[in-house]
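Listing of protein.cif; format and content: mmCIF, C-alpha atoms.
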```
data_coords
#
loop_
_atom_site.label_atom_id
_atom_site.label_comp_id
_atom_site.auth_asym_id
_atom_site.auth_seq_id
_atom_site.Cartn_x
_atom_site.Cartn_y
_atom_site.Cartn_z
CA MET A 1 -34.45 -27.74 22.06
CA SER A 2 -30.67 -27.56 22.24
CA ALA A 3 -27.93 -29.93 21.10
CA ALA A 4 -25.15 -31.06 23.41
CA ALA A 5 -21.57 -32.00 22.56
CA ASP A 6 -22.24 -35.65 23.43
CA GLY A 7 -24.62 -36.12 20.50
CA SER A 8 -27.81 -35.71 22.51
CA ALA A 9 -30.43 -32.99 22.41
CA THR A 10 -32.53 -31.68 25.29
CA VAL A 11 -36.13 -30.92 24.51
CA PHE A 12 -37.91 -28.27 26.55
CA VAL A 13 -41.69 -28.37 26.53
CA ARG A 14 -43.70 -26.21 28.91
CA LYS A 15 -42.01 -26.85 32.27
CA HIS A 16 -40.60 -30.24 31.32
CA ARG A 17 -37.48 -31.45 29.60
CA PHE A 18 -36.32 -34.71 28.14
CA VAL A 19 -33.17 -35.91 26.40
CA VAL A 20 -33.13 -37.43 22.94
CA GLY A 21 -30.24 -39.42 21.49
CA ALA A 22 -29.48 -40.30 17.90
CA PRO A 23 -32.15 -40.16 15.18
CA VAL A 24 -32.03 -43.98 15.05
CA THR A 25 -29.90 -46.37 17.09
CA PHE A 26 -28.84 -49.92 16.23
CA ASP A 27 -26.86 -50.33 19.45
CA GLU A 28 -28.79 -52.30 22.05
CA GLN A 29 -26.49 -50.84 24.69
CA ASP A 30 -27.16 -47.24 23.67
CA PRO A 31 -27.85 -45.34 26.90
CA ARG A 32 -30.15 -42.79 25.21
CA ILE A 33 -33.58 -43.08 23.67
CA SER A 34 -33.48 -42.33 19.96
CA ALA A 35 -35.75 -39.86 18.20
CA LEU A 36 -37.45 -42.73 16.37
CA GLU A 37 -38.03 -44.64 19.62
CA TYR A 38 -39.71 -41.55 21.05
CA VAL A 39 -42.02 -41.41 18.02
CA LEU A 40 -42.96 -45.06 18.35
CA GLY A 41 -43.42 -44.78 22.11
CA ALA A 42 -45.53 -41.69 21.59
CA LEU A 43 -47.84 -43.54 19.20
CA GLY A 44 -48.27 -46.42 21.63
CA ALA A 45 -48.93 -44.04 24.50
CA ASP A 46 -51.36 -42.01 22.37
CA LEU A 47 -53.45 -45.14 21.77
CA VAL A 48 -53.26 -46.60 25.25
CA ASN A 49 -53.94 -43.31 27.02
CA GLY A 50 -56.55 -42.38 24.43
CA LEU A 51 -58.44 -45.62 25.01
CA VAL A 52 -58.23 -45.40 28.79
CA ALA A 53 -59.34 -41.76 28.76
CA ALA A 54 -62.27 -42.53 26.46
CA ALA A 55 -63.31 -45.44 28.68
CA ARG A 56 -63.07 -43.32 31.82
CA ALA A 57 -65.22 -40.61 30.22
CA ARG A 58 -67.91 -43.21 29.41
CA HIS A 59 -67.57 -44.96 32.78
CA VAL A 60 -66.55 -48.16 31.02
CA PRO A 61 -64.08 -50.08 33.16
CA VAL A 62 -60.70 -50.80 31.60
CA ASP A 63 -58.55 -52.34 34.30
CA HIS A 64 -55.26 -52.51 32.53
CA ALA A 65 -53.98 -51.40 29.14
CA GLU A 66 -50.61 -51.73 27.49
CA ALA A 67 -49.22 -51.69 23.99
CA VAL A 68 -46.44 -53.36 22.08
CA VAL A 69 -45.09 -51.29 19.20
CA LYS A 70 -42.96 -52.70 16.41
CA ALA A 71 -41.69 -50.88 13.34
CA SER A 72 -39.43 -51.33 10.37
CA LEU A 73 -37.60 -48.86 8.19
CA ASP A 74 -37.86 -49.09 4.43
CA ASP A 75 -34.06 -49.32 4.22
CA ALA A 76 -31.97 -48.81 7.35
CA LEU A 77 -28.84 -48.67 5.21
CA ALA A 78 -30.22 -45.55 3.51
CA HIS A 79 -30.42 -43.83 6.88
CA LEU A 80 -26.78 -44.79 7.48
CA GLY A 81 -25.73 -43.24 4.18
CA VAL A 82 -24.47 -46.55 2.82
CA VAL A 83 -23.30 -46.15 -0.78
CA GLY A 84 -25.51 -48.39 -2.86
CA ALA A 85 -28.48 -48.44 -0.50
CA SER A 86 -31.56 -48.75 -2.65
CA GLY A 87 -34.48 -47.76 -0.47
CA GLY A 88 -35.44 -44.81 1.70
CA PRO A 89 -34.76 -44.05 5.37
CA GLY A 90 -38.42 -43.64 6.33
CA LEU A 91 -40.68 -45.98 8.20
CA ALA A 92 -42.23 -48.72 6.11
CA ARG A 93 -44.61 -50.16 8.66
CA ILE A 94 -45.68 -49.65 12.27
CA GLN A 95 -47.53 -52.35 14.18
CA VAL A 96 -49.26 -51.55 17.45
CA LYS A 97 -51.07 -54.15 19.50
CA VAL A 98 -52.98 -52.80 22.47
CA TYR A 99 -53.89 -55.22 25.23
CA ALA A 100 -56.68 -54.32 27.63
CA SER A 101 -58.62 -56.03 30.43
CA THR A 102 -62.27 -55.12 30.18
CA GLY A 103 -64.42 -57.59 32.10
CA ASP A 104 -67.78 -58.01 30.30
CA HIS A 105 -67.55 -54.77 28.31
CA ASP A 106 -65.90 -55.99 25.12
CA ASP A 107 -68.41 -54.42 22.72
CA ALA A 108 -68.27 -51.07 24.43
CA VAL A 109 -64.50 -51.07 24.53
CA ARG A 110 -64.26 -52.00 20.86
CA ARG A 111 -66.46 -49.00 20.01
CA LEU A 112 -64.25 -46.81 22.18
CA TRP A 113 -61.19 -48.19 20.36
CA GLN A 114 -62.62 -47.10 17.03
CA GLU A 115 -63.31 -43.68 18.49
CA THR A 116 -59.75 -43.51 19.83
CA LEU A 117 -58.32 -44.31 16.42
CA ALA A 118 -60.52 -41.73 14.73
CA ARG A 119 -59.52 -38.98 17.13
CA SER A 120 -55.81 -39.73 17.50
CA PRO A 121 -53.64 -36.94 16.05
CA LEU A 122 -50.72 -39.30 15.58
CA VAL A 123 -52.79 -41.96 13.81
CA ALA A 124 -54.39 -39.32 11.58
CA THR A 125 -50.97 -37.99 10.62
CA LEU A 126 -48.93 -41.15 10.34
CA GLN A 127 -51.50 -43.19 8.42
CA GLN A 128 -51.06 -40.81 5.50
CA VAL A 129 -47.42 -41.72 5.08
CA VAL A 130 -46.78 -45.13 6.57
CA ARG A 131 -48.60 -48.45 6.81
CA LEU A 132 -50.18 -48.69 10.27
CA ASP A 133 -51.36 -52.06 11.59
CA LEU A 134 -53.32 -51.27 14.74
CA GLU A 135 -54.96 -54.04 16.74
CA LEU A 136 -56.84 -54.35 20.00
CA ASP A 137 -56.63 -57.55 22.04
CA LEU A 138 -59.15 -57.79 24.90
CA THR A 139 -59.04 -60.09 27.91
CA ASP A 140 -61.49 -60.51 30.79
CA MET B 1 -6.11 -30.53 12.08
CA ARG B 2 -4.89 -33.52 10.10
CA LYS B 3 -7.21 -34.68 7.35
CA PRO B 4 -8.92 -37.90 8.45
CA ILE B 5 -8.02 -41.13 6.69
CA VAL B 6 -11.09 -42.26 4.77
CA VAL B 7 -11.84 -45.92 5.49
CA GLY B 8 -14.42 -47.97 3.62
CA ALA B 9 -16.37 -50.93 5.02
CA VAL B 10 -19.12 -53.06 3.53
CA ILE B 11 -22.24 -53.16 5.67
CA TYR B 12 -25.00 -55.72 5.31
CA ASP B 13 -26.57 -55.20 8.71
CA PRO B 14 -26.95 -51.83 10.46
CA LYS B 15 -25.62 -53.37 13.68
CA VAL B 16 -22.20 -53.72 12.05
CA THR B 17 -21.91 -49.91 12.15
CA VAL B 18 -21.89 -50.12 15.95
CA ILE B 19 -18.58 -52.02 15.78
CA TRP B 20 -17.15 -49.55 13.28
CA LYS B 21 -18.12 -46.60 15.47
CA ILE B 22 -16.18 -48.19 18.34
CA ILE B 23 -13.22 -48.64 16.00
CA GLY B 24 -13.56 -45.03 14.82
CA ASP B 25 -13.54 -43.79 18.41
CA PHE B 26 -10.41 -45.89 19.05
CA PHE B 27 -8.58 -44.30 16.12
CA GLU B 28 -9.69 -40.84 17.27
CA ALA B 29 -8.31 -41.53 20.75
CA ASN B 30 -5.04 -42.67 19.18
CA ARG B 31 -4.64 -39.41 17.25
CA CYS B 32 -5.34 -40.95 13.87
CA PRO B 33 -8.84 -39.77 13.01
CA ILE B 34 -10.69 -41.78 10.39
CA GLU B 35 -13.79 -41.01 8.39
CA LEU B 36 -15.94 -44.06 7.73
CA VAL B 37 -17.73 -44.59 4.43
CA TYR B 38 -20.08 -47.54 4.20
CA TYR B 39 -20.87 -49.52 1.06
CA SER B 40 -23.59 -52.03 0.30
CA THR B 41 -21.35 -54.24 -1.87
CA TYR B 42 -17.64 -54.94 -2.30
CA GLU B 43 -17.87 -54.00 -5.99
CA LEU B 44 -18.93 -50.47 -5.03
CA GLN B 45 -16.24 -50.28 -2.37
CA VAL B 46 -13.48 -51.35 -4.76
CA ASP B 47 -14.76 -48.77 -7.22
CA GLY B 48 -14.55 -46.16 -4.46
CA LEU B 49 -10.98 -47.18 -3.62
CA VAL B 50 -9.83 -47.17 -7.23
CA LYS B 51 -11.41 -43.77 -7.89
CA GLY B 52 -9.78 -42.26 -4.83
CA HIS B 53 -12.92 -41.78 -2.74
CA LEU B 54 -11.28 -43.96 -0.09
CA ASP B 55 -7.81 -44.16 1.38
CA VAL B 56 -8.22 -47.60 2.96
CA ALA B 57 -10.71 -50.36 2.20
CA TRP B 58 -11.55 -53.24 4.53
CA ASN B 59 -11.64 -55.73 1.70
CA SER B 60 -12.69 -59.31 1.32
CA PRO B 61 -10.06 -61.47 -0.41
CA LEU B 62 -12.09 -61.32 -3.61
CA ALA B 63 -12.29 -57.52 -3.36
CA TRP B 64 -8.51 -57.49 -2.86
CA LEU B 65 -8.04 -59.40 -6.13
CA ASP B 66 -10.54 -57.11 -7.86
CA ALA B 67 -8.66 -54.02 -6.66
CA GLN B 68 -5.40 -55.51 -7.93
CA ARG B 69 -7.03 -56.34 -11.25
CA LEU B 70 -8.33 -52.81 -11.71
CA THR B 71 -5.12 -51.03 -10.65
CA GLY B 72 -2.60 -53.21 -12.42
CA SER B 73 -1.54 -54.78 -9.11
CA ARG B 74 -0.64 -51.45 -7.59
CA CYS B 75 -2.42 -51.90 -4.28
CA ARG B 76 -0.92 -52.92 -0.96
CA ALA B 77 -2.39 -55.09 1.80
CA VAL B 78 -1.29 -53.23 4.91
CA ALA B 79 -2.94 -55.17 7.73
CA MET B 80 -5.19 -58.11 8.53
CA ARG B 81 -6.55 -59.98 11.53
CA ASP B 82 -4.76 -63.02 12.89
CA THR B 83 -7.98 -64.88 12.09
CA ASP B 84 -7.71 -63.85 8.44
CA ARG B 85 -4.63 -66.05 8.02
CA ASP B 86 -4.57 -69.71 7.13
CA ARG B 87 -8.26 -70.48 7.08
CA VAL B 88 -9.54 -73.68 5.47
CA SER B 89 -12.97 -74.69 4.23
CA HIS B 90 -14.45 -78.07 4.96
CA PHE B 91 -16.47 -80.51 2.87
CA VAL B 92 -19.04 -81.75 5.38
CA VAL B 93 -20.86 -85.08 4.94
CA HIS B 94 -23.22 -87.33 6.86
CA LYS B 95 -21.22 -89.83 8.92
CA THR B 96 -23.12 -92.94 7.88
CA ARG B 97 -24.89 -92.03 4.63
CA GLY B 98 -22.18 -89.85 3.13
CA PRO B 99 -19.22 -90.59 0.86
CA ALA B 100 -16.10 -92.15 2.33
CA ASN B 101 -13.67 -89.96 0.43
CA ILE B 102 -13.50 -87.07 -2.03
CA ALA B 103 -13.45 -89.38 -5.05
CA GLU B 104 -16.91 -90.66 -4.07
CA LEU B 105 -18.33 -87.19 -4.71
CA ARG B 106 -18.16 -88.08 -8.40
CA GLY B 107 -21.67 -88.10 -9.81
CA LYS B 108 -23.10 -86.49 -6.69
CA THR B 109 -24.41 -83.05 -5.76
CA VAL B 110 -22.29 -80.71 -3.63
CA ALA B 111 -23.93 -77.73 -1.93
CA PHE B 112 -21.97 -74.46 -1.92
CA GLY B 113 -22.57 -70.94 -0.66
CA ALA B 114 -23.00 -67.77 -2.70
CA LYS B 115 -21.38 -67.53 -6.13
CA ASP B 116 -19.04 -64.79 -4.90
CA SER B 117 -18.01 -66.49 -1.66
CA PRO B 118 -14.30 -67.30 -1.69
CA GLN B 119 -14.56 -69.69 1.24
CA ALA B 120 -17.84 -71.41 0.43
CA THR B 121 -17.71 -71.61 -3.36
CA LEU B 122 -14.72 -70.35 -5.35
CA ILE B 123 -11.90 -71.95 -3.36
CA PRO B 124 -13.69 -75.27 -2.68
CA ILE B 125 -14.52 -75.69 -6.37
CA GLU B 126 -10.85 -75.04 -7.21
CA SER B 127 -9.84 -77.49 -4.50
CA LEU B 128 -11.97 -80.22 -6.06
CA ARG B 129 -10.62 -79.39 -9.51
CA ARG B 130 -7.09 -80.00 -8.22
CA GLN B 131 -8.24 -83.41 -7.07
CA GLY B 132 -9.57 -84.29 -10.49
CA LEU B 133 -13.22 -83.36 -10.02
CA GLU B 134 -14.56 -80.73 -12.43
CA ALA B 135 -17.69 -78.80 -11.53
CA GLY B 136 -20.58 -79.63 -13.80
CA ARG B 137 -18.78 -82.57 -15.40
CA ASP B 138 -17.95 -84.73 -12.40
CA PHE B 139 -20.32 -83.39 -9.77
CA GLU B 140 -23.39 -81.17 -9.71
CA VAL B 141 -23.03 -77.73 -8.17
CA ARG B 142 -25.92 -76.63 -6.00
CA ARG B 143 -25.31 -73.03 -5.01
CA PHE B 144 -27.09 -70.82 -2.51
CA ASP B 145 -26.71 -67.28 -3.73
CA VAL B 146 -27.53 -65.50 -0.51
CA LYS B 147 -26.70 -61.76 -0.49
CA VAL B 148 -24.51 -61.76 -3.58
CA GLY B 149 -22.21 -58.77 -3.48
CA LEU B 150 -21.08 -59.44 0.06
CA HIS B 151 -18.54 -62.13 -0.91
CA GLY B 152 -19.89 -64.62 1.59
CA ASP B 153 -19.72 -62.26 4.57
CA HIS B 154 -23.24 -63.29 5.35
CA VAL B 155 -23.19 -66.94 6.42
CA GLY B 156 -26.67 -67.58 5.05
CA GLY B 157 -25.32 -69.32 1.97
CA GLU B 158 -23.30 -71.81 4.03
CA ARG B 159 -26.22 -72.35 6.35
CA ASP B 160 -28.58 -73.03 3.46
CA ALA B 161 -26.01 -75.34 1.88
CA PHE B 162 -25.83 -77.39 5.09
CA ALA B 163 -29.65 -77.49 5.28
CA CYS B 164 -29.59 -78.90 1.76
CA LEU B 165 -27.21 -81.63 2.92
CA ALA B 166 -29.36 -82.31 5.99
CA ARG B 167 -32.43 -82.77 3.76
CA GLY B 168 -30.53 -85.37 1.80
CA GLU B 169 -30.45 -83.24 -1.36
CA ALA B 170 -26.66 -83.10 -1.50
CA ALA B 171 -23.86 -85.52 -0.67
CA ALA B 172 -21.71 -82.79 0.86
CA SER B 173 -21.89 -79.15 1.79
CA VAL B 174 -19.13 -76.59 2.20
CA MET B 175 -18.47 -74.30 5.14
CA VAL B 176 -15.45 -72.37 6.38
CA ASP B 177 -13.69 -73.88 9.38
CA LEU B 178 -14.83 -71.16 11.77
CA ASN B 179 -18.46 -71.91 10.97
CA TRP B 180 -17.94 -75.67 11.39
CA ASP B 181 -16.38 -74.97 14.81
CA ALA B 182 -19.14 -72.59 15.90
CA TRP B 183 -22.08 -74.57 14.53
CA SER B 184 -20.88 -77.94 15.85
CA ARG B 185 -20.48 -76.26 19.26
CA ASP B 186 -23.89 -74.61 19.34
CA GLY B 187 -25.68 -77.62 17.87
CA SER B 188 -26.63 -76.09 14.53
CA VAL B 189 -24.62 -78.96 13.08
CA ASN B 190 -24.93 -82.21 14.99
CA ALA B 191 -21.31 -83.36 15.21
CA ASN B 192 -22.54 -86.85 16.10
CA GLU B 193 -24.17 -87.15 12.68
CA TYR B 194 -21.87 -85.13 10.44
CA ARG B 195 -18.12 -85.06 9.89
CA VAL B 196 -15.50 -83.26 7.88
CA LEU B 197 -14.72 -85.39 4.84
CA ALA B 198 -11.85 -83.23 3.63
CA SER B 199 -10.61 -79.66 3.70
CA THR B 200 -9.22 -77.20 1.19
CA GLY B 201 -5.68 -75.96 1.44
CA PRO B 202 -5.08 -72.91 3.63
CA PHE B 203 -6.06 -69.47 2.39
CA ASP B 204 -6.06 -65.93 3.72
CA HIS B 205 -9.13 -63.77 4.07
CA CYS B 206 -9.76 -60.04 4.55
CA ASN B 207 -7.21 -57.24 4.55
CA PHE B 208 -6.97 -53.47 4.76
CA THR B 209 -6.17 -52.47 1.17
CA VAL B 210 -4.61 -49.19 0.08
CA ARG B 211 -3.74 -47.90 -3.36
CA GLY B 212 -0.11 -47.67 -4.33
CA ASP B 213 -0.15 -43.88 -4.01
CA PHE B 214 -1.30 -43.88 -0.37
CA ALA B 215 1.21 -41.70 1.47
CA GLU B 216 3.73 -43.63 3.53
CA ASP B 217 3.36 -41.41 6.58
CA ARG B 218 -0.43 -41.82 6.55
CA GLU B 219 -0.05 -45.60 6.22
CA LYS B 220 2.38 -45.57 9.13
CA SER B 221 -0.05 -43.53 11.21
CA PHE B 222 -2.97 -45.85 10.39
CA CYS B 223 -1.06 -49.06 11.05
CA GLY B 224 0.61 -47.61 14.14
CA ALA B 225 -2.79 -46.91 15.68
CA LEU B 226 -4.21 -50.26 14.54
CA PHE B 227 -1.33 -52.33 15.90
CA SER B 228 -1.53 -50.55 19.24
CA MET B 229 -4.81 -52.41 19.79
CA THR B 230 -4.05 -55.35 22.10
CA TYR B 231 -6.24 -58.14 23.41
CA GLU B 232 -4.52 -57.90 26.79
CA ASN B 233 -5.94 -54.40 27.21
CA PRO B 234 -9.46 -54.76 28.69
CA ALA B 235 -10.44 -51.51 26.98
CA HIS B 236 -9.72 -53.09 23.59
CA ARG B 237 -10.97 -56.59 24.21
CA GLU B 238 -14.68 -56.02 23.54
CA MET B 239 -13.89 -54.33 20.24
CA MET B 240 -11.56 -57.14 19.23
CA ASP B 241 -14.08 -59.81 20.22
CA LEU B 242 -16.71 -58.07 18.12
CA GLU B 243 -14.31 -58.02 15.17
CA GLY B 244 -13.27 -61.64 15.78
CA LEU B 245 -9.54 -61.32 16.35
CA ARG B 246 -6.87 -61.59 19.03
CA ALA B 247 -4.25 -59.55 17.18
CA TRP B 248 -3.76 -57.39 14.11
CA GLU B 249 -1.02 -58.61 11.80
CA PRO B 250 0.84 -56.93 8.94
CA GLY B 251 -0.83 -57.53 5.61
CA ARG B 252 0.49 -60.35 3.44
CA THR B 253 -0.57 -61.63 0.06
CA SER B 254 1.01 -65.08 0.10
CA GLY B 255 -2.29 -66.63 1.15
CA TYR B 256 -4.28 -65.69 -1.97
CA GLU B 257 -2.88 -68.28 -4.40
CA LEU B 258 -5.85 -70.63 -4.22
CA LEU B 259 -8.36 -67.84 -4.75
CA THR B 260 -6.29 -66.25 -7.53
CA LYS B 261 -6.30 -69.55 -9.44
CA ALA B 262 -9.99 -70.10 -8.66
CA VAL B 263 -11.12 -66.78 -10.14
CA GLU B 264 -8.91 -67.37 -13.17
CA VAL B 265 -10.19 -70.88 -13.92
CA GLN B 266 -13.80 -70.05 -13.08
CA ARG B 267 -13.53 -66.77 -15.00
CA PHE B 268 -15.16 -64.94 -12.15
CA PHE B 269 -14.14 -61.53 -13.52
CA GLY B 270 -14.83 -62.58 -17.09
CA GLY B 271 -12.07 -62.91 -19.66
CA SER B 272 -10.93 -65.82 -21.79
CA PRO B 273 -9.99 -69.24 -20.39
#
```

I'd like the structure from this file rewritten - as C-alpha cells, please.
Amino acid sequence: MSAAADGSATVFVRKHRFVVGAPVTFDEQDPRISALEYVLGALGADLVNGLVAAARARHVPVDHAEAVVKASLDDALAHLGVVGASGGPGLARIQVKVYASTGDHDDAVRRLWQETLARSPLVATLQQVVRLDLELDLTD
Amino acid sequence: MRKPIVVGAVIYDPKVTVIWKIIGDFFEANRCPIELVYYSTYELQVDGLVKGHLDVAWNSPLAWLDAQRLTGSRCRAVAMRDTDRDRVSHFVVHKTRGPANIAELRGKTVAFGAKDSPQATLIPIESLRRQGLEAGRDFEVRRFDVKVGLHGDHVGGERDAFACLARGEAAASVMVDLNWDAWSRDGSVNANEYRVLASTGPFDHCNFTVRGDFAEDREKSFCGALFSMTYENPAHREMMDLEGLRAWEPGRTSGYELLTKAVEVQRFFGGSP
C-alpha cells in the first residue's frame, strides 16, 4: 500500500485497490472509510458471507442475510493522544448481529452458524484479544 | 518554517477534536500554523501551560484563575468569544410549587452542577451568599459531580440538577443562561411549568490564556489570524457555529470578579479562610 499527501492510503491486493482514510474517524462527514471501519466491516462480511456460503454448500436456503456491527474503543481519548487519558486505544468490545431469512430451516441454519464461527479467521483471531458478542437472529 | 504555536484544549468527547482540526486548518491557511495538544482535564492543561509545554491554552474561567494563581498573576487573556462575555446563571424553580423569591430558598435544597463548574456551582453559591444565604447553613447543597475536571464543560451536571428539581427533590436548580434558552426551546425544560426565579450577576467565561513570557510577535500573529475569522464569511461560519460564537473579541479579565471571590470564599484551591 502507499500513502497519499491527503492523509489517505491506497491498498493494492491482487488486481484490486481500495482507499483507506484515518486509523479512526470521529467526523460523521468524513469522506473516507477509516481503517477501523474496514476491520469492523470485514468482520461483518466474514460472518454474513461465511454463513451464506456454508448454507449454499449444504443446499440450505438462506434468502437474505445482513449484519449490524457495533464496536467501542477502550479509551478513544488514548487514540487521540490526550494527555491524561487513562485507558488504551484498542477495541474493548465488538457486537455483531446477523439477520437471516431461512424459511423452515432454523435448526440447520443455527448449526451452520456455529460452523461459520468456528471456521472464521477473523473470529478466531479477534476473540483472543477483544470481547466479541456474536448473535444470529432468524426470521421466516 | 516558523515554529508552530502550541495550543492546548481540553477534550471530553472525541468529536470535539473535529472542531479543533477545522480550526487548525484555518490557522494553517492564515499562515499561523498551530500544533494542538489535547488534555483530559483543565488541571493538566494549566500544568502544561505553566511548565511551558504550551504557548496558548483554551482555558475555562476557573483554569484562568488557576493559571494566575500558579504564575503569580503573570498570564494574559488574549482573546475570547463574544459568547464568553456577560453570561449569567439562573435559579430555576417550578412556577406553582416553587419559592416566590430567593429568600424563600432558606431551609430548602438547591441543586447545582459539578463542584468545579463556575456557572453551575461556584458563582451561584457566591451569588446566594451575597444575598444572605450561606451554603450548608441556610440551604442544603445538592451537587451533581458529573465529569469533574472539565469545569462544567459537560452539561450533564446541570441536566441532572434540573432532573432533581423536576422530581421534586430540590426547590431550585441552577443552569447557565445559554442552557435555559436552549432547553426551554427544545422542550427539555417545559417553560410552561418552570421559570427563572433569579439570576446571578454577569460573569465572563473561557479565554485563550498565554504566559507572561509569550513573545509579542507570536501573540500578534495568533490573534491576527483568530480575529480574521468572521461570521459574514460563509467559509468561516460553520466553524464559528460549531464553536458557538459570532465574533472573537480581545481578552478581558474584568468579568472574573464573581468567580474570583467564589473560589476565595469557598476555598476551592485550598488555603485559609

Residues selected by the PyMOL selection byres ((chain B) within 8 of (chain A)), written as an mmCIF file with C-alpha atoms, in the coordinates of the input:
```cif
data_model
loop_
_atom_site.group_PDB
_atom_site.id
_atom_site.type_symbol
_atom_site.label_atom_id
_atom_site.label_comp_id
_atom_site.auth_asym_id
_atom_site.auth_seq_id
_atom_site.Cartn_x
_atom_site.Cartn_y
_atom_site.Cartn_z
ATOM 1 C CA ILE B 11 -22.240 -53.160 5.670
ATOM 2 C CA ASP B 13 -26.570 -55.200 8.710
ATOM 3 C CA PRO B 14 -26.950 -51.830 10.460
ATOM 4 C CA LYS B 15 -25.620 -53.370 13.680
ATOM 5 C CA VAL B 18 -21.890 -50.120 15.950
ATOM 6 C CA VAL B 37 -17.730 -44.590 4.430
ATOM 7 C CA TYR B 38 -20.080 -47.540 4.200
ATOM 8 C CA TYR B 39 -20.870 -49.520 1.060
ATOM 9 C CA SER B 40 -23.590 -52.030 0.300
ATOM 10 C CA THR B 41 -21.350 -54.240 -1.870
ATOM 11 C CA LEU B 44 -18.930 -50.470 -5.030
#
```

Distance in Å - atom CA of A:Val98 versus atom CA of A:Asp63: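 Answer for the atom CA of A:Val98 to atom CA of A:Asp63 separation: 13.1 Å.
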
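Using the PyMOL selection byres ((chain B and resi 150) around 8) on the file at hand returns these residues: B:Val10, B:Tyr12, B:Ser40, B:Thr41, B:Tyr42, B:Asp116, B:Ser117, B:Lys147, B:Val148, B:Gly149, B:His151, B:Gly152, B:Asp153, B:His154.
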
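Within the 10 Å cut-off around A:Val20, using all atoms listed in the file and omitting residues fewer than 5 positions from it on the same chain, the listed residues are Met1, Ala3, Gly7, Ser8, Ala9, Thr10, Val11, Arg32, Ile33, Ser34, Ala35, Leu36, Glu37 and Tyr38 of chain A.
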
Residue contacts of stretch 240-250 of chain B (8 Å, all atoms listed in the file) excluding same-chain residues fewer than 4 positions away, as a list in words: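 Answer for this query is Ile19, Val78, Ala79, Met80, Arg81, Asp82, Thr83, Leu226, Phe227, Met229, Thr230, Tyr231 and His236 of chain B.
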
Selection result of the PyMOL selection byres ((chain A and resi 52-59) around 9) on this file, as a ChimeraX atom specification: /A:47-51,60-65,108-109,112-113,115-116
